[in-house]
Amino acid sequence: MAKGHSLFIADLHLSEQRPDITAAFLLFLQQKAANADALYILGDLFEVWIGDDNPSPLLTEVAEAIKALTAQAVSVYFCHGNRDFLLGKNFAKRSGMQLLAPLTVVELYGRPTLLMHGDSLCTLDIGYQKFRAWWDQKWWQKLILSLPLWYRQHLARKARRVSAIDKKGKTSEIMDVTPEEVPQVMAQYQVKHLIHGHTHRPAVHQLMLADGSAAQRYVLGDWYSQSSYLDVSEDGWQLHFNPLSQA
């Protein structure tokens, strides 16, 4: 029997350094997601992903929790983010998640909706987009995953330090989506609803497409200080925010 609603989350950045976020996510799966038709994770579930062969207990705990959710007839879908773009089929199988294409249109209770992580919309961040085009190539991903696990861990730590320094030199406008890009992408995929994460700026944006029709862009929040999710049903679309202790 259909439960009548689906949930969307992004940018949890799970890591051993933030056990409070992991605890909030596990509780969310048990108390919220278990009552949904589906859970969509739109990227950056993890702070970093160095390969499906990582023996981290955190990854095992998360995989088992998501698998338990799917055992309750809740479909779980995953769209890669810029932090966990190397997450592969092996982990997806362990956790029971279904991998989505970078841009995917789904029918949400009668409304065709475009799903994505959101980083591809930030076209003003030219440096990042060049890097994104590089790591998005399958040969590069295969090369990285062929390296020893310890060296991939080293590269991940270095990448995080470089990223933190890089962000300090960028304006908020550069790191946000390019306003002109949004309606173009929505028109390309013939949708009037878009859901994404990445920017950590949760909001509902009203916009006008080139054909004069109204459209909505839903931006998911991060989980640094709250559990943030979008609840979609025939009755409405609503963003929720709860302190981590009340996830």
# chains A, B, ... in the order shown; residues from 1 in each chain; ligands from 1
>>> residues_around(residues="segment 221-227 of chain A", least_positions_apart="6", cutoff="12 Å", atoms="only C-alpha atoms", output="PyMOL selection string")
chain A and resi 8-15+17-29+32+41-47+117-118+195-204+239-247
>>> select_by_dssp(residues="segment 17-215 of chain A", states="strand (DSSP E)", output="PyMOL selection string")
chain A and resi 38-41+75-78+98-99+104-108+111-115+193-196+203-208+214-215
>>> write_last_selection(atoms="N, CA, C and O atoms", output="tab-separated table (two decimals), in the first residue's frame")
chain	number	residue	atom	x	y	z
A	38	ALA	N	9.50	6.53	-0.51
A	38	ALA	CA	10.87	6.52	-0.99
A	38	ALA	C	11.69	7.59	-0.29
A	38	ALA	O	11.16	8.60	0.19
A	39	LEU	N	13.00	7.35	-0.24
A	39	LEU	CA	13.96	8.32	0.26
A	39	LEU	C	14.95	8.59	-0.86
A	39	LEU	O	15.55	7.68	-1.41
A	40	TYR	N	15.12	9.86	-1.17
A	40	TYR	CA	16.06	10.29	-2.20
A	40	TYR	C	17.21	11.03	-1.51
A	40	TYR	O	16.99	12.02	-0.81
A	41	ILE	N	18.44	10.56	-1.72
A	41	ILE	CA	19.62	11.18	-1.16
A	41	ILE	C	20.36	11.86	-2.31
A	41	ILE	O	20.94	11.18	-3.17
A	75	SER	N	11.86	2.46	-0.97
A	75	SER	CA	12.89	2.57	-2.01
A	75	SER	C	13.85	3.69	-1.64
A	75	SER	O	13.42	4.77	-1.22
A	76	VAL	N	15.15	3.45	-1.81
A	76	VAL	CA	16.16	4.46	-1.51
A	76	VAL	C	16.98	4.72	-2.78
A	76	VAL	O	17.52	3.79	-3.37
A	77	TYR	N	17.04	5.99	-3.17
A	77	TYR	CA	17.75	6.39	-4.38
A	77	TYR	C	18.90	7.32	-4.00
A	77	TYR	O	18.77	8.14	-3.10
A	78	PHE	N	19.99	7.20	-4.75
A	78	PHE	CA	21.17	8.02	-4.45
A	78	PHE	C	21.68	8.70	-5.70
A	78	PHE	O	21.89	8.07	-6.74
A	98	GLN	N	19.52	2.51	-4.95
A	98	GLN	CA	19.52	2.52	-6.40
A	98	GLN	C	20.21	3.81	-6.86
A	98	GLN	O	19.84	4.90	-6.42
A	99	LEU	N	21.20	3.69	-7.71
A	99	LEU	CA	21.97	4.85	-8.17
A	99	LEU	C	21.21	5.58	-9.27
A	99	LEU	O	20.69	4.96	-10.20
A	104	THR	N	18.16	13.50	-13.17
A	104	THR	CA	17.12	12.50	-13.33
A	104	THR	C	15.75	13.13	-13.15
A	104	THR	O	15.53	13.88	-12.20
A	105	VAL	N	14.84	12.82	-14.05
A	105	VAL	CA	13.45	13.28	-13.93
A	105	VAL	C	12.61	12.14	-13.37
A	105	VAL	O	12.65	11.02	-13.88
A	106	VAL	N	11.89	12.42	-12.30
A	106	VAL	CA	10.99	11.44	-11.69
A	106	VAL	C	9.59	12.03	-11.61
A	106	VAL	O	9.41	13.25	-11.56
A	107	GLU	N	8.62	11.16	-11.58
A	107	GLU	CA	7.22	11.57	-11.43
A	107	GLU	C	6.87	11.55	-9.96
A	107	GLU	O	6.82	10.49	-9.32
A	108	LEU	N	6.64	12.72	-9.37
A	108	LEU	CA	6.33	12.81	-7.95
A	108	LEU	C	4.86	13.16	-7.78
A	108	LEU	O	4.46	14.33	-7.85
A	111	ARG	N	3.70	15.12	-10.64
A	111	ARG	CA	4.51	16.27	-11.05
A	111	ARG	C	5.90	15.82	-11.52
A	111	ARG	O	6.71	15.36	-10.70
A	112	PRO	N	6.19	15.92	-12.81
A	112	PRO	CA	7.54	15.60	-13.29
A	112	PRO	C	8.55	16.54	-12.62
A	112	PRO	O	8.39	17.77	-12.65
A	113	THR	N	9.58	15.98	-12.01
A	113	THR	CA	10.51	16.77	-11.20
A	113	THR	C	11.95	16.37	-11.53
A	113	THR	O	12.28	15.19	-11.61
A	114	LEU	N	12.79	17.38	-11.70
A	114	LEU	CA	14.20	17.15	-11.98
A	114	LEU	C	14.97	17.07	-10.66
A	114	LEU	O	14.85	17.95	-9.81
A	115	LEU	N	15.76	16.01	-10.51
A	115	LEU	CA	16.59	15.81	-9.32
A	115	LEU	C	18.05	15.90	-9.70
A	115	LEU	O	18.47	15.38	-10.74
A	193	HIS	N	9.43	21.69	-11.74
A	193	HIS	CA	9.88	21.48	-10.36
A	193	HIS	C	11.29	20.93	-10.37
A	193	HIS	O	11.60	20.01	-11.13
A	194	LEU	N	12.14	21.50	-9.52
A	194	LEU	CA	13.54	21.09	-9.41
A	194	LEU	C	13.89	20.96	-7.93
A	194	LEU	O	13.56	21.84	-7.11
A	195	ILE	N	14.57	19.87	-7.58
A	195	ILE	CA	15.05	19.66	-6.21
A	195	ILE	C	16.55	19.41	-6.26
A	195	ILE	O	17.02	18.56	-7.04
A	196	HIS	N	17.30	20.12	-5.44
A	196	HIS	CA	18.75	19.90	-5.38
A	196	HIS	C	19.31	20.33	-4.03
A	196	HIS	O	18.62	20.95	-3.21
A	203	ALA	N	15.83	26.68	0.73
A	203	ALA	CA	14.81	27.68	0.39
A	203	ALA	C	13.92	27.12	-0.71
A	203	ALA	O	14.25	26.12	-1.35
A	204	VAL	N	12.80	27.80	-0.92
A	204	VAL	CA	11.93	27.51	-2.05
A	204	VAL	C	11.92	28.74	-2.93
A	204	VAL	O	11.53	29.83	-2.49
A	205	HIS	N	12.38	28.60	-4.16
A	205	HIS	CA	12.49	29.73	-5.08
A	205	HIS	C	11.40	29.64	-6.15
A	205	HIS	O	11.23	28.60	-6.79
A	206	GLN	N	10.70	30.75	-6.33
A	206	GLN	CA	9.71	30.85	-7.40
A	206	GLN	C	10.38	31.50	-8.61
A	206	GLN	O	11.11	32.49	-8.46
A	207	LEU	N	10.16	30.95	-9.78
A	207	LEU	CA	10.77	31.52	-10.98
A	207	LEU	C	9.85	31.36	-12.17
A	207	LEU	O	8.85	30.64	-12.13
A	208	MET	N	10.20	32.07	-13.23
A	208	MET	CA	9.42	32.05	-14.47
A	208	MET	C	10.26	31.45	-15.58
A	208	MET	O	11.42	31.84	-15.78
A	214	ALA	N	5.03	29.32	-14.51
A	214	ALA	CA	5.66	29.40	-13.20
A	214	ALA	C	6.34	28.09	-12.85
A	214	ALA	O	5.89	27.01	-13.24
A	215	ALA	N	7.44	28.17	-12.11
A	215	ALA	CA	8.19	26.99	-11.71
A	215	ALA	C	8.73	27.19	-10.30
A	215	ALA	O	8.78	28.32	-9.79
>>> residues_around(residues="segment 83-95 of chain A", least_positions_apart="5", cutoff="9 Å", atoms="only C-alpha atoms", output="list in words")
His13, Gly43, Asp44, Leu45, Phe46, Glu47, Val48, Trp49, Ile50, Gly51, Asp52, Asp53, Leu59, Thr60, Val62, Ala63, Glu64, Ala65, Ile66, Lys67, Ala68, Thr70, Phe78, Trp135, Asp136, Gln141 and Leu145 of chain A
>>> select_by_dssp(residues="segment 18-202 of chain A", states="helix (DSSP H, G or I)", output="PyMOL selection string")
chain A and resi 19-31+33-35+57-70+89-95+119-121+126-135+138-145+149-168+172-175+181-188
>>> atom_distance(atom1="atom CA of Trp237 of chain A", atom2="atom CA of Gly4 of chain A")
12.1 Å
>>> closest_residue(among="A:Glu16, A:Arg152, A:Gln30, A:Arg157", to="Ser56 of chain A", atoms="only C-alpha atoms")
A:Glu16
>>> atom_distance(atom1="atom CA of Leu121 of chain A", atom2="atom CA of Asp176 of chain A")
8.1 Å
>>> closest_residue(among="A:Leu209, A:Val191, A:Met97, A:Leu103", to="Val74 of chain A", atoms="only C-alpha atoms")
A:Met97
>>> atom_distance(atom1="atom CA of Tyr109 of chain A", atom2="atom CA of Glu234 of chain A")
5.7 Å
